$ cat protein-v1.txt   # compact mmCIF, C-alpha atoms
# COMPACT_ATOMS: atom_id res chain seq x y z
CA MET U 1422 217.49 152.54 -81.90
CA ASN U 1423 221.17 153.30 -82.14
CA GLU U 1424 221.53 157.07 -81.62
CA GLY U 1425 225.16 157.05 -82.68
CA LEU U 1426 224.27 155.47 -85.98
CA LYS U 1427 221.95 158.32 -86.87
CA ASP U 1428 224.71 160.85 -86.25
CA ILE U 1429 227.20 158.90 -88.34
CA ILE U 1430 224.79 158.70 -91.24
CA GLU U 1431 224.16 162.43 -90.95
CA ALA U 1432 227.91 163.04 -91.22
CA LEU U 1433 228.22 160.74 -94.23
CA ILE U 1434 225.39 162.41 -96.09
CA PHE U 1435 226.69 165.85 -95.15
CA ILE U 1436 230.07 165.17 -96.72
CA SER U 1437 228.72 163.48 -99.88
CA GLN U 1438 228.88 165.42 -103.10
CA GLU U 1439 226.23 163.29 -104.74
CA PRO U 1440 223.27 161.32 -103.41
CA LEU U 1441 224.61 158.70 -100.99
CA THR U 1442 223.09 155.28 -101.58
CA ILE U 1443 222.15 152.78 -98.87
CA GLU U 1444 224.65 150.38 -100.45
CA ARG U 1445 227.48 152.85 -99.93
CA MET U 1446 226.43 153.40 -96.32
CA LYS U 1447 226.36 149.64 -95.76
CA ALA U 1448 229.86 149.33 -97.19
CA VAL U 1449 231.14 152.08 -94.90
CA LEU U 1450 229.28 150.90 -91.79
CA GLU U 1451 230.56 147.33 -91.96
CA GLY U 1452 228.34 144.85 -90.23
CA VAL U 1453 225.37 147.10 -89.64
CA ALA U 1454 222.17 145.62 -91.04
CA GLY U 1455 220.40 147.40 -93.87
CA ALA U 1456 217.18 147.60 -91.88
CA GLU U 1457 219.00 149.31 -89.02
CA ILE U 1458 220.51 151.87 -91.39
CA GLN U 1459 217.12 152.48 -92.98
CA ALA U 1460 215.52 153.02 -89.57
CA ALA U 1461 218.20 155.51 -88.52
CA LEU U 1462 217.90 157.23 -91.87
CA ASP U 1463 214.13 157.57 -91.54
CA GLU U 1464 214.58 158.97 -88.05
CA LEU U 1465 217.14 161.47 -89.33
CA ARG U 1466 214.89 162.57 -92.17
CA ARG U 1467 211.88 162.99 -89.89
CA GLY U 1468 213.97 165.24 -87.66
CA TYR U 1469 214.88 167.52 -90.51
CA GLU U 1470 211.37 167.64 -91.97
CA ALA U 1471 210.15 169.09 -88.67
CA ALA U 1472 210.10 172.85 -88.25
CA GLY U 1473 213.31 174.49 -87.11
CA HIS U 1474 215.52 173.43 -89.99
CA GLY U 1475 216.40 175.23 -93.22
CA ILE U 1476 217.56 172.02 -94.84
CA ARG U 1477 216.27 168.50 -95.25
CA VAL U 1478 217.54 165.12 -96.43
CA ALA U 1479 216.23 164.67 -99.98
CA HIS U 1480 215.74 161.19 -101.42
CA THR U 1481 216.68 161.56 -105.07
CA GLY U 1482 218.78 159.97 -107.80
CA GLY U 1483 218.73 156.69 -105.88
CA GLY U 1484 220.36 158.12 -102.74
CA TYR U 1485 220.21 160.72 -100.00
CA ILE U 1486 221.55 164.26 -100.04
CA PHE U 1487 221.10 167.47 -98.09
CA ALA U 1488 219.01 170.10 -99.81
CA THR U 1489 217.59 173.45 -98.81
CA LYS U 1490 213.88 173.64 -98.15
CA PRO U 1491 211.80 175.28 -100.91
CA ASP U 1492 210.83 178.23 -98.69
CA HIS U 1493 214.39 179.49 -98.72
CA ASP U 1494 214.83 179.46 -102.48
CA ARG U 1495 214.74 183.25 -102.69
CA TRP U 1496 217.55 183.70 -100.18
CA VAL U 1497 219.75 181.00 -101.66
CA ARG U 1498 219.45 182.61 -105.06
CA ARG U 1499 220.43 185.95 -103.60
CA LEU U 1500 223.50 184.41 -102.05
CA LEU U 1501 224.51 182.63 -105.25
CA GLN U 1502 223.46 185.63 -107.33
CA ILE U 1503 221.29 183.55 -109.58
CA GLU U 1504 218.32 185.40 -110.99
CA ARG U 1505 216.31 182.25 -111.66
CA LYS U 1506 216.85 178.73 -112.79
CA ASN U 1507 215.69 178.18 -116.33
CA LYS U 1508 213.04 175.63 -117.01
CA LEU U 1509 212.99 173.35 -120.01
CA SER U 1510 211.14 174.69 -123.03
CA SER U 1511 207.84 172.99 -123.72
CA ALA U 1512 209.23 171.35 -126.86
CA ALA U 1513 212.17 169.99 -124.88
CA LEU U 1514 209.96 168.72 -122.07
CA GLU U 1515 207.59 167.06 -124.53
CA SER U 1516 210.46 165.27 -126.28
CA LEU U 1517 211.96 164.31 -122.95
CA ALA U 1518 208.68 162.85 -121.73
CA ALA U 1519 208.37 160.91 -124.98
CA VAL U 1520 211.89 159.49 -124.50
CA ALA U 1521 211.21 158.68 -120.84
CA TYR U 1522 208.09 156.66 -121.58
CA HIS U 1523 209.22 155.00 -124.79
CA GLN U 1524 212.89 154.30 -124.18
CA PRO U 1525 214.95 152.89 -125.76
CA VAL U 1526 213.76 155.01 -128.66
CA THR U 1527 214.99 156.59 -131.90
CA GLN U 1528 214.65 160.14 -133.18
CA ALA U 1529 212.16 159.02 -135.84
CA GLU U 1530 209.95 157.38 -133.20
CA ILE U 1531 209.97 160.52 -131.03
CA SER U 1532 209.13 162.66 -134.06
CA ALA U 1533 206.25 160.33 -134.90
CA ILE U 1534 204.82 160.54 -131.39
CA ARG U 1535 205.00 164.34 -131.39
CA GLY U 1536 204.07 164.85 -135.05
CA VAL U 1537 207.00 167.24 -135.21
CA ASP U 1538 210.57 166.78 -136.34
CA SER U 1539 212.52 166.42 -133.10
CA THR U 1540 216.10 166.25 -134.34
CA TYR U 1541 217.06 169.63 -132.96
CA THR U 1542 215.25 169.20 -129.65
CA LEU U 1543 216.93 165.86 -129.02
CA LYS U 1544 220.26 167.45 -129.75
CA THR U 1545 219.70 170.11 -127.11
CA LEU U 1546 218.56 167.45 -124.62
CA LEU U 1547 221.81 165.60 -125.33
CA GLU U 1548 223.76 168.81 -124.73
CA LYS U 1549 221.95 169.23 -121.42
CA LYS U 1550 222.86 165.61 -120.64
CA LEU U 1551 219.25 164.75 -119.84
CA ILE U 1552 219.31 161.95 -122.40
CA LYS U 1553 222.11 159.74 -123.65
CA ILE U 1554 222.86 157.64 -126.69
CA VAL U 1555 222.92 153.95 -125.84
CA GLY U 1556 223.63 152.48 -129.26
CA ARG U 1557 222.20 151.99 -132.69
CA LYS U 1558 219.09 150.19 -133.74
CA LYS U 1559 219.45 147.27 -136.11
CA ALA U 1560 217.11 148.80 -138.64
CA PRO U 1561 217.54 150.54 -141.98
CA GLY U 1562 219.93 153.45 -141.52
CA ASN U 1563 221.06 152.17 -138.11
CA PRO U 1564 219.47 155.09 -136.25
CA LEU U 1565 220.79 156.16 -132.83
CA VAL U 1566 218.92 154.91 -129.79
CA TYR U 1567 218.26 157.24 -126.86
CA ARG U 1568 217.58 156.75 -123.16
CA THR U 1569 217.15 159.14 -120.27
CA SER U 1570 220.29 159.76 -118.19
CA GLU U 1571 221.12 159.73 -114.46
CA ARG U 1572 220.92 163.49 -114.58
CA PHE U 1573 217.35 163.18 -115.79
CA LEU U 1574 216.42 161.39 -112.55
CA LEU U 1575 218.20 163.98 -110.42
CA TYR U 1576 216.69 166.84 -112.38
CA PHE U 1577 213.17 165.69 -111.62
CA GLY U 1578 213.96 164.39 -108.15
CA LEU U 1579 213.29 160.76 -109.10
CA ASN U 1580 215.08 157.72 -107.71
CA SER U 1581 214.40 155.44 -110.64
CA LEU U 1582 212.31 155.31 -113.77
CA ASP U 1583 209.67 153.42 -111.76
CA GLU U 1584 208.90 156.75 -110.10
CA LEU U 1585 207.84 158.39 -113.35
CA PRO U 1586 204.20 159.48 -113.24
CA SER U 1587 202.18 156.27 -113.63
CA GLU U 1588 199.41 155.41 -116.07
CA GLU U 1589 196.88 156.09 -113.29
CA GLU U 1590 198.29 159.52 -112.52
CA ILE U 1591 198.26 160.36 -116.20
CA SER U 1592 194.68 159.25 -116.75
CA LYS U 1593 193.71 161.24 -113.67
CA ILE U 1594 195.17 164.36 -115.26
CA LEU U 1595 193.30 163.64 -118.47
CA GLN U 1596 190.09 163.13 -116.50
CA GLU U 1597 190.56 166.43 -114.74
CA GLU U 1598 191.19 168.22 -118.01
CA ARG U 1599 188.03 166.77 -119.44
CA SER U 1600 185.86 167.60 -116.46
CA SER U 1601 187.23 171.13 -116.23
CA GLU U 1602 186.00 171.73 -119.75
CA GLY U 1603 182.51 170.45 -119.09
CA MET G 15 190.37 174.33 -112.80
CA THR G 16 193.55 172.43 -112.07
CA ASP G 17 196.97 173.84 -112.78
CA ALA G 18 197.60 171.29 -115.44
CA ALA G 19 194.36 172.03 -117.19
CA SER G 20 194.83 175.77 -117.11
CA GLU G 21 198.32 175.36 -118.43
CA PHE G 22 196.96 173.42 -121.34
CA LEU G 23 194.23 175.89 -122.07
CA GLU G 24 196.66 178.76 -122.00
CA THR G 25 198.80 177.26 -124.69
CA PRO G 26 196.89 178.63 -127.66
CA GLU G 27 196.11 182.28 -127.82
CA ILE G 28 192.43 182.68 -128.37
CA VAL G 29 191.08 186.03 -129.47
CA PRO G 30 188.28 186.39 -128.60
CA PRO G 31 187.04 183.26 -126.88
CA ALA G 32 183.41 184.30 -127.14
CA GLU G 33 181.18 182.01 -129.19
CA THR G 34 179.98 184.28 -131.97
CA ASP G 35 178.69 182.91 -135.23
CA GLY G 36 181.03 184.87 -137.49
CA ARG G 37 183.79 183.17 -139.40
CA ASP G 38 186.37 184.39 -136.96
CA ILE G 39 185.08 182.59 -133.94
CA TYR G 40 188.60 182.21 -132.67
CA GLN G 41 192.01 183.06 -133.89
CA VAL G 42 194.98 181.05 -132.91
CA ARG G 43 198.59 181.72 -133.60
CA LEU G 44 200.41 178.79 -135.13
CA GLU G 45 203.47 179.48 -132.99
CA ALA G 46 201.43 178.69 -129.92
CA PHE G 47 201.18 175.06 -130.96
CA GLU G 48 204.11 172.76 -130.71
CA GLY G 49 202.85 170.74 -133.63
CA PRO G 50 199.91 169.47 -135.65
CA LEU G 51 198.78 166.94 -133.04
CA ASP G 52 198.68 169.73 -130.50
CA LEU G 53 196.40 171.72 -132.79
CA LEU G 54 194.22 168.71 -133.55
CA LEU G 55 193.76 167.89 -129.87
CA PHE G 56 192.91 171.51 -129.20
CA LEU G 57 190.21 171.52 -131.88
CA ILE G 58 188.80 168.21 -130.66
CA ARG G 59 188.60 169.42 -127.08
CA LYS G 60 187.17 172.75 -128.10
CA LYS G 61 184.27 170.99 -129.75
CA LYS G 62 183.99 168.53 -126.86
CA ILE G 63 184.30 165.64 -129.27
CA ASP G 64 184.86 162.06 -128.14
CA ILE G 65 188.34 161.18 -129.27
CA HIS G 66 187.17 157.68 -130.23
CA ASP G 67 184.45 159.01 -132.49
CA ILE G 68 185.87 161.97 -134.38
CA PRO G 69 183.67 163.51 -137.08
CA ILE G 70 186.50 163.62 -139.60
CA ALA G 71 184.86 166.00 -142.08
CA ALA G 72 184.09 168.66 -139.46
CA ILE G 73 187.48 168.42 -137.79
CA THR G 74 189.28 168.54 -141.14
CA ARG G 75 187.39 171.70 -142.02
CA ASP G 76 188.34 173.35 -138.72
CA TYR G 77 191.90 172.23 -139.14
CA LEU G 78 192.24 173.57 -142.70
CA ASP G 79 190.42 176.78 -141.76
CA TYR G 80 192.96 177.27 -139.10
CA LEU G 81 195.89 176.67 -141.44
CA ASP G 82 194.39 179.18 -143.88
CA ARG G 83 193.91 181.82 -141.28
CA LYS G 84 197.29 181.94 -139.73
CA GLU G 85 199.44 184.82 -140.84
CA ARG G 86 202.93 183.56 -141.17
CA ILE G 87 204.13 180.52 -142.99
CA ASN G 88 207.09 178.69 -141.63
CA LEU G 89 207.88 176.23 -144.38
CA ASP G 90 209.66 173.85 -142.02
CA ARG G 91 206.62 173.39 -139.84
CA GLU G 92 204.12 173.77 -142.63
CA ALA G 93 204.96 170.34 -144.00
CA GLU G 94 204.20 168.69 -140.67
CA PHE G 95 200.86 170.46 -140.39
CA LEU G 96 199.97 169.58 -143.96
CA PHE G 97 200.93 165.97 -143.41
CA ILE G 98 198.26 165.59 -140.75
CA ALA G 99 195.79 167.45 -142.99
CA ALA G 100 196.53 164.90 -145.72
CA LEU G 101 196.06 162.07 -143.23
CA LEU G 102 192.66 163.48 -142.23
CA ILE G 103 191.54 163.69 -145.82
CA TYR G 104 192.82 160.20 -146.52
CA ILE G 105 190.86 158.84 -143.57
CA LYS G 106 187.71 160.58 -144.77
CA SER G 107 188.14 159.11 -148.22
CA GLN G 108 188.55 155.66 -146.74
CA MET G 109 185.33 156.10 -144.81
CA LEU G 110 183.44 157.19 -147.91
CA LEU G 111 184.49 154.23 -150.02
CA PRO G 112 181.69 151.74 -150.46
CA ARG G 113 182.58 148.31 -149.14
CA GLU G 114 181.04 144.95 -149.69
CA THR G 115 181.16 143.98 -146.07
CA ASP G 116 180.87 146.12 -143.00
CA LEU G 117 184.10 147.03 -141.35
CA ALA G 118 184.96 145.36 -138.12
CA GLU G 119 185.59 147.59 -135.14
CA GLN G 120 189.35 147.30 -135.46
CA GLU G 121 189.29 148.35 -139.08
CA ASP G 122 187.92 151.81 -138.51
CA PRO G 123 190.13 153.97 -140.77
CA ARG G 124 190.29 156.48 -137.95
CA GLN G 125 192.03 154.03 -135.64
CA VAL G 126 195.55 155.03 -136.69
CA LEU G 127 194.86 158.65 -135.91
CA VAL G 128 193.05 157.87 -132.66
CA ASN G 129 195.99 155.79 -131.44
CA ARG G 130 198.42 158.57 -132.23
CA LEU G 131 196.26 161.16 -130.50
CA LEU G 132 195.83 159.00 -127.42
CA GLU G 133 199.56 158.41 -127.18
CA PHE G 134 200.30 162.08 -127.71
CA GLN G 135 197.73 163.05 -125.11
CA LYS G 136 199.44 160.77 -122.61
CA VAL G 137 202.81 162.36 -123.27
CA ARG G 138 201.26 165.79 -122.83
CA ALA G 139 199.72 164.81 -119.50
CA ALA G 140 203.03 163.33 -118.38
CA CYS G 141 204.60 166.66 -119.34
CA SER G 142 202.43 168.61 -116.97
CA LEU G 143 203.27 166.21 -114.13
CA LEU G 144 206.97 166.40 -114.92
CA ARG G 145 206.73 170.19 -115.10
CA GLU G 146 205.35 170.24 -111.55
CA ARG G 147 208.23 168.09 -110.38
CA GLU G 148 210.73 170.27 -112.20
CA GLU G 149 209.35 173.40 -110.56
CA ALA G 150 209.48 171.80 -107.12
CA GLN G 151 213.04 170.60 -107.68
CA LEU G 152 214.24 174.00 -108.83
CA LEU G 153 213.35 175.40 -105.41
CA GLU G 154 215.60 172.96 -103.58
CA TRP G 155 219.30 173.62 -103.62
CA ARG G 156 222.09 171.21 -102.89
CA ARG G 157 225.58 172.22 -101.95
CA ASN G 158 226.91 170.99 -105.24
CA PHE G 159 223.75 172.31 -106.85
CA LEU G 160 223.28 170.98 -110.33
CA PRO G 161 225.07 173.42 -112.59
CA PRO G 162 222.53 175.22 -114.73
CA LEU G 163 221.53 173.22 -117.77
CA ALA G 164 224.05 173.83 -120.53
CA GLY G 165 222.80 176.36 -122.99
CA GLU G 166 219.92 177.27 -120.74
CA SER G 167 221.48 180.39 -119.32
CA GLU G 168 220.23 182.33 -122.30
CA PRO G 169 216.65 182.95 -123.35
CA ASP G 170 215.05 180.15 -125.31
CA PHE G 171 215.73 181.55 -128.77
CA ALA G 172 214.02 180.19 -131.79
CA GLU G 173 216.77 179.14 -134.12
CA VAL G 174 215.69 180.42 -137.50
CA SER G 175 215.28 178.26 -140.54
CA LEU G 176 217.00 178.87 -143.82
CA PHE G 177 213.72 180.20 -145.13
CA ASP G 178 213.72 182.96 -142.54
CA LEU G 179 217.25 183.81 -143.54
CA ALA G 180 216.21 183.97 -147.17
CA GLU G 181 213.27 186.18 -146.31
CA SER G 182 215.54 188.66 -144.56
CA PHE G 183 217.90 188.51 -147.48
CA PHE G 184 215.23 189.42 -149.99
CA LEU G 185 214.13 192.29 -147.80
CA MET G 186 217.69 193.54 -147.81
CA MET G 187 218.00 193.03 -151.56
CA LYS G 188 214.98 195.17 -152.16
CA ARG G 189 216.40 197.99 -150.09
CA LYS G 190 219.74 197.73 -151.82
CA ALA G 191 218.27 197.61 -155.28
CA GLU G 192 216.43 200.84 -154.59
CA ALA G 193 219.52 202.49 -153.21
CA ASP G 194 222.27 202.10 -155.79
CA THR G 195 221.09 200.76 -159.08
CA ARG G 196 223.15 203.20 -161.09
CA ILE G 197 226.52 202.52 -159.58
CA ILE G 198 228.60 200.06 -161.52
CA ARG G 199 231.53 198.47 -159.83
CA GLY G 200 234.11 196.17 -161.33
CA ARG G 201 235.52 194.64 -158.19
CA ASP G 202 235.37 190.87 -157.97
CA VAL G 203 234.48 189.36 -154.66
CA SER G 204 235.74 185.92 -153.89
CA SER G 205 233.73 183.74 -151.59
CA GLU G 206 236.89 182.59 -149.83
CA GLU G 207 237.77 186.13 -148.84
CA LYS G 208 234.24 186.84 -147.75
CA MET G 209 234.17 183.68 -145.68
CA LYS G 210 237.41 184.73 -143.98
CA GLU G 211 236.04 188.18 -143.31
CA LEU G 212 232.81 186.82 -141.88
CA LEU G 213 234.56 184.27 -139.70
CA GLY G 214 236.99 186.95 -138.55
CA LEU G 215 234.13 189.17 -137.47
CA LEU G 216 232.35 186.33 -135.72
CA ARG G 217 235.49 185.00 -134.06
CA ASP G 218 236.04 188.33 -132.36
CA GLY G 219 233.07 187.33 -130.32
CA GLN G 220 230.98 189.76 -132.23
CA VAL G 221 227.29 189.26 -132.76
CA LEU G 222 226.36 190.23 -136.27
CA ASP G 223 223.16 192.03 -136.97
CA PHE G 224 222.12 190.25 -140.14
CA LEU G 225 220.43 193.17 -141.89
CA ALA G 226 222.87 195.81 -140.69
CA TYR G 227 225.81 193.78 -141.92
CA PHE G 228 224.45 193.51 -145.42
CA GLU G 229 223.69 197.21 -145.47
CA THR G 230 227.44 197.76 -145.26
CA GLN G 231 228.15 195.68 -148.33
CA ALA G 232 229.36 197.81 -151.23
CA SER G 233 227.48 196.11 -154.04
CA LEU G 234 224.69 193.71 -154.71
CA GLU G 235 227.18 191.13 -155.82
CA GLU G 236 229.14 191.42 -152.64
CA ALA G 237 225.96 191.14 -150.63
CA PHE G 238 225.11 188.00 -152.57
CA VAL G 239 228.44 186.42 -151.83
CA SER G 240 228.27 187.21 -148.14
CA PHE G 241 224.79 185.77 -147.95
CA PHE G 242 225.89 182.48 -149.44
CA CYS G 243 228.88 182.41 -147.12
CA LEU G 244 226.52 182.85 -144.20
CA LEU G 245 224.26 180.05 -145.40
CA GLU G 246 227.33 177.89 -145.74
CA LEU G 247 228.39 178.66 -142.17
CA VAL G 248 224.95 177.90 -140.78
CA LYS G 249 224.79 174.69 -142.77
CA ALA G 250 228.21 173.62 -141.51
CA ARG G 251 226.89 174.41 -138.03
CA GLN G 252 229.74 176.84 -137.48
CA ALA G 253 227.45 179.77 -136.88
CA VAL G 254 224.13 180.20 -135.14
CA ALA G 255 221.38 182.39 -136.50
CA VAL G 256 218.85 183.59 -134.01
CA GLN G 257 215.75 185.74 -134.08
CA ASP G 258 214.30 187.01 -130.79
CA GLU G 259 210.88 187.77 -132.09
CA LEU G 260 208.99 187.67 -135.31
CA PHE G 261 209.98 190.35 -137.82
CA GLN G 262 213.02 191.39 -135.86
CA THR G 263 216.43 191.28 -137.37
CA ILE G 264 218.36 188.04 -137.32
CA ARG G 265 221.55 187.94 -135.35
CA VAL G 266 224.45 185.63 -136.09
CA TRP G 267 227.24 184.41 -133.92
CA ILE G 268 229.79 181.68 -133.89
CA ARG G 269 228.79 178.29 -132.57
CA LYS G 270 231.10 177.22 -129.79
CA ASP G 271 231.57 173.64 -128.77
CA GLY G 272 228.35 172.54 -127.13
CA ARG G 273 227.82 175.99 -125.65
CA ARG G 274 226.78 179.05 -127.49
CA ALA G 275 227.97 182.43 -126.37
CA GLY G 276 224.99 184.53 -125.46
CA PRO G 277 224.60 187.84 -127.25
CA HIS G 278 224.07 189.77 -124.04
CA GLU G 279 227.30 188.83 -122.35
$ encode --input "protein-v1.txt" --output "structure tokens"
Amino acid sequence: MNEGLKDIIEALIFISQEPLTIERMKAVLEGVAGAEIQAALDELRRGYEAAGHGIRVAHTGGGYIFATKPDHDRWVRRLLQIERKNKLSSAALESLAAVAYHQPVTQAEISAIRGVDSTYTLKTLLEKKLIKIVGRKKAPGNPLVYRTSERFLLYFGLNSLDELPSEEEISKILQEERSSEG
Amino acid sequence: MTDAASEFLETPEIVPPAETDGRDIYQVRLEAFEGPLDLLLFLIRKKKIDIHDIPIAAITRDYLDYLDRKERINLDREAEFLFIAALLIYIKSQMLLPRETDLAEQEDPRQVLVNRLLEFQKVRAACSLLREREEAQLLEWRRNFLPPLAGESEPDFAEVSLFDLAESFFLMMKRKAEADTRIIRGRDVSSEEKMKELLGLLRDGQVLDFLAYFETQASLEEAFVSFFCLLELVKARQAVAVQDELFQTIRVWIRKDGRRAGPHE
């Protein structure tokens, strides 16, 4: 285990404004094997997860970035003078989930899934940059086609769309709902 | 009960939840439901019905009862709720029709609805999982912390429909008609001037109190013109009309690029 390597990676992540990918680290650390980087990275992350640190190395948006630990949320907000971070409205979240699981998808398809006209909600999601327009569908009216954005992954702490809650997780939730009613 | 389940059950407001045999077993506010499928799923779960074997007649009755009972009609949403009601009735009629041969499993007229409900249910479950993730993420800060979501720094207003605007307008008309029916004025009001005046007021960063503004109008005619100007502005997406809560006045302000200026700034 190369101790120096761990320190270098720590410095690189520290200075990065956005999640630092393994590929970027490889490019910087010429000649160091990916497995070696990964091992040092894991070691670094374990160190921060242990007690005695206010921050940790978060794995999100496809890379690694320093983040404060949840316990300190209150204090960080006091420093930044932010009352609270706003959550998505339930209509927005529902539309977003529909886009995430059905992308690429059109407004009409989202509205059909929800049973509710979603034009306005999609517009606000676009404004929030959680979804993006990727083109037009070759169908009558050439409707716009939507996908989730990079920011969507970061917002939910995901590294890729593969990390979206799976079919199994979803059916587990449904099972729980059903049994809690019985 | 799990968090996700309790979150779901909290969605509709149920008063009272007790199982009495009166007609008002439960009362639910339409606003609590995001849409008709939401309501339908709620009714199905409430009766502990198997989603694959829905007694269409009973569920349709519950559904229509519910639509009857709610107090306020929002014409925009009404159509969506009625559409599903029509679908329910259509399915029932299909099931009643005599057929020469028995239907195969796949041809159950309810299948379309069941598929939609199953898909919707999945999205809803995914929502509760994503919500958990969102809440966890919001507690972790990065040095270049994600700037707050655009437009999220203000409360989640319900943008009012044109029908709400019209409703407020008629309320104002009534008041005005009572106030000065005997005064006759000859002044002509041009819509261009009114539009300029309105835009001028809004551009100053002012938030207009919809009802109060019309109170200041000298005549019914002038009030008319300003109302149409306002509709025009909302339609052109130049202005935003917002209502904090039901039955409160509607406030109007200018729509800025992408971001709206909050009224409390």
$ closest_residue --input "protein-v1.txt" --among "U:Val1566, U:Val1497, U:Ala1521, U:Leu1574" --to "Ser1587 of chain U" --atoms "all atoms listed in the file"
U:Ala1521
$ atom_distance --input "protein-v1.txt" --atom1 "atom CA of Lys1447 of chain U" --atom2 "atom CA of Ser1581 of chain U"
20.0 Å
$ atom_distance --input "protein-v1.txt" --atom1 "atom CA of Lys1508 of chain U" --atom2 "atom CA of Leu1543 of chain U"
16.0 Å
$ atom_distance --input "protein-v1.txt" --atom1 "atom CA of Arg83 of chain G" --atom2 "atom CA of Leu54 of chain G"
15.2 Å
$ residues_around --input "protein-v1.txt" --residues "Phe242 of chain G" --least-positions-apart "3" --cutoff "12 Å" --atoms "all atoms listed in the file" --output "list in words"
Leu176, Leu179, Ala180, Phe183, Ser204, Ser205, Glu206, Lys208, Met209, Leu212, Phe228, Glu235, Glu236, Ala237, Phe238, Val239, Leu245, Glu246, Leu247, Val248 and Lys249 of chain G
$ write_last_selection --input "protein-v1.txt" --atoms "C-alpha atoms" --output "PDB file, keeping the file's coordinate frame"
ATOM      1  CA  LEU G 176     217.000 178.870-143.820  1.00  0.00           C
ATOM      2  CA  LEU G 179     217.250 183.810-143.540  1.00  0.00           C
ATOM      3  CA  ALA G 180     216.210 183.970-147.170  1.00  0.00           C
ATOM      4  CA  PHE G 183     217.900 188.510-147.480  1.00  0.00           C
ATOM      5  CA  SER G 204     235.740 185.920-153.890  1.00  0.00           C
ATOM      6  CA  SER G 205     233.730 183.740-151.590  1.00  0.00           C
ATOM      7  CA  GLU G 206     236.890 182.590-149.830  1.00  0.00           C
ATOM      8  CA  LYS G 208     234.240 186.840-147.750  1.00  0.00           C
ATOM      9  CA  MET G 209     234.170 183.680-145.680  1.00  0.00           C
ATOM     10  CA  LEU G 212     232.810 186.820-141.880  1.00  0.00           C
ATOM     11  CA  PHE G 228     224.450 193.510-145.420  1.00  0.00           C
ATOM     12  CA  GLU G 235     227.180 191.130-155.820  1.00  0.00           C
ATOM     13  CA  GLU G 236     229.140 191.420-152.640  1.00  0.00           C
ATOM     14  CA  ALA G 237     225.960 191.140-150.630  1.00  0.00           C
ATOM     15  CA  PHE G 238     225.110 188.000-152.570  1.00  0.00           C
ATOM     16  CA  VAL G 239     228.440 186.420-151.830  1.00  0.00           C
ATOM     17  CA  LEU G 245     224.260 180.050-145.400  1.00  0.00           C
ATOM     18  CA  GLU G 246     227.330 177.890-145.740  1.00  0.00           C
ATOM     19  CA  LEU G 247     228.390 178.660-142.170  1.00  0.00           C
ATOM     20  CA  VAL G 248     224.950 177.900-140.780  1.00  0.00           C
ATOM     21  CA  LYS G 249     224.790 174.690-142.770  1.00  0.00           C
TER      22      LYS G 249
END
$ interface_residues --input "protein-v1.txt" --of "chain U" --to "chain G" --cutoff "7 Å" --atoms "all atoms listed in the file" --output "PDB file with C-alpha atoms, in the frame of the given file"
ATOM      1  CA  GLN U1438     228.880 165.420-103.100  1.00  0.00           C
ATOM      2  CA  PHE U1487     221.100 167.470 -98.090  1.00  0.00           C
ATOM      3  CA  ALA U1488     219.010 170.100 -99.810  1.00  0.00           C
ATOM      4  CA  THR U1489     217.590 173.450 -98.810  1.00  0.00           C
ATOM      5  CA  LYS U1490     213.880 173.640 -98.150  1.00  0.00           C
ATOM      6  CA  PRO U1491     211.800 175.280-100.910  1.00  0.00           C
ATOM      7  CA  ASP U1494     214.830 179.460-102.480  1.00  0.00           C
ATOM      8  CA  LYS U1506     216.850 178.730-112.790  1.00  0.00           C
ATOM      9  CA  ASN U1507     215.690 178.180-116.330  1.00  0.00           C
ATOM     10  CA  ALA U1512     209.230 171.350-126.860  1.00  0.00           C
ATOM     11  CA  LEU U1514     209.960 168.720-122.070  1.00  0.00           C
ATOM     12  CA  GLU U1515     207.590 167.060-124.530  1.00  0.00           C
ATOM     13  CA  ALA U1518     208.680 162.850-121.730  1.00  0.00           C
ATOM     14  CA  ALA U1519     208.370 160.910-124.980  1.00  0.00           C
ATOM     15  CA  ILE U1534     204.820 160.540-131.390  1.00  0.00           C
ATOM     16  CA  ARG U1535     205.000 164.340-131.390  1.00  0.00           C
ATOM     17  CA  GLY U1536     204.070 164.850-135.050  1.00  0.00           C
ATOM     18  CA  VAL U1537     207.000 167.240-135.210  1.00  0.00           C
ATOM     19  CA  GLU U1548     223.760 168.810-124.730  1.00  0.00           C
ATOM     20  CA  LYS U1549     221.950 169.230-121.420  1.00  0.00           C
ATOM     21  CA  TYR U1576     216.690 166.840-112.380  1.00  0.00           C
ATOM     22  CA  PHE U1577     213.170 165.690-111.620  1.00  0.00           C
ATOM     23  CA  GLY U1578     213.960 164.390-108.150  1.00  0.00           C
ATOM     24  CA  PRO U1586     204.200 159.480-113.240  1.00  0.00           C
ATOM     25  CA  ILE U1591     198.260 160.360-116.200  1.00  0.00           C
ATOM     26  CA  ILE U1594     195.170 164.360-115.260  1.00  0.00           C
ATOM     27  CA  LEU U1595     193.300 163.640-118.470  1.00  0.00           C
ATOM     28  CA  GLU U1598     191.190 168.220-118.010  1.00  0.00           C
ATOM     29  CA  SER U1601     187.230 171.130-116.230  1.00  0.00           C
TER      30      SER U1601
END
$ residues_near_point --input "protein-v1.txt" --point "(217.7, 161.0, -122.6)" --cutoff "8 Å" --atoms "only C-alpha atoms" --output "compact mmCIF listing (two decimals) with C-alpha atoms, in the frame of the given file"
# COMPACT_ATOMS: atom_id res chain seq x y z
CA LEU U 1517 211.96 164.31 -122.95
CA VAL U 1520 211.89 159.49 -124.50
CA ALA U 1521 211.21 158.68 -120.84
CA LEU U 1546 218.56 167.45 -124.62
CA LEU U 1547 221.81 165.60 -125.33
CA LYS U 1550 222.86 165.61 -120.64
CA LEU U 1551 219.25 164.75 -119.84
CA ILE U 1552 219.31 161.95 -122.40
CA LYS U 1553 222.11 159.74 -123.65
CA ILE U 1554 222.86 157.64 -126.69
CA TYR U 1567 218.26 157.24 -126.86
CA ARG U 1568 217.58 156.75 -123.16
CA THR U 1569 217.15 159.14 -120.27
CA SER U 1570 220.29 159.76 -118.19
CA PHE U 1573 217.35 163.18 -115.79
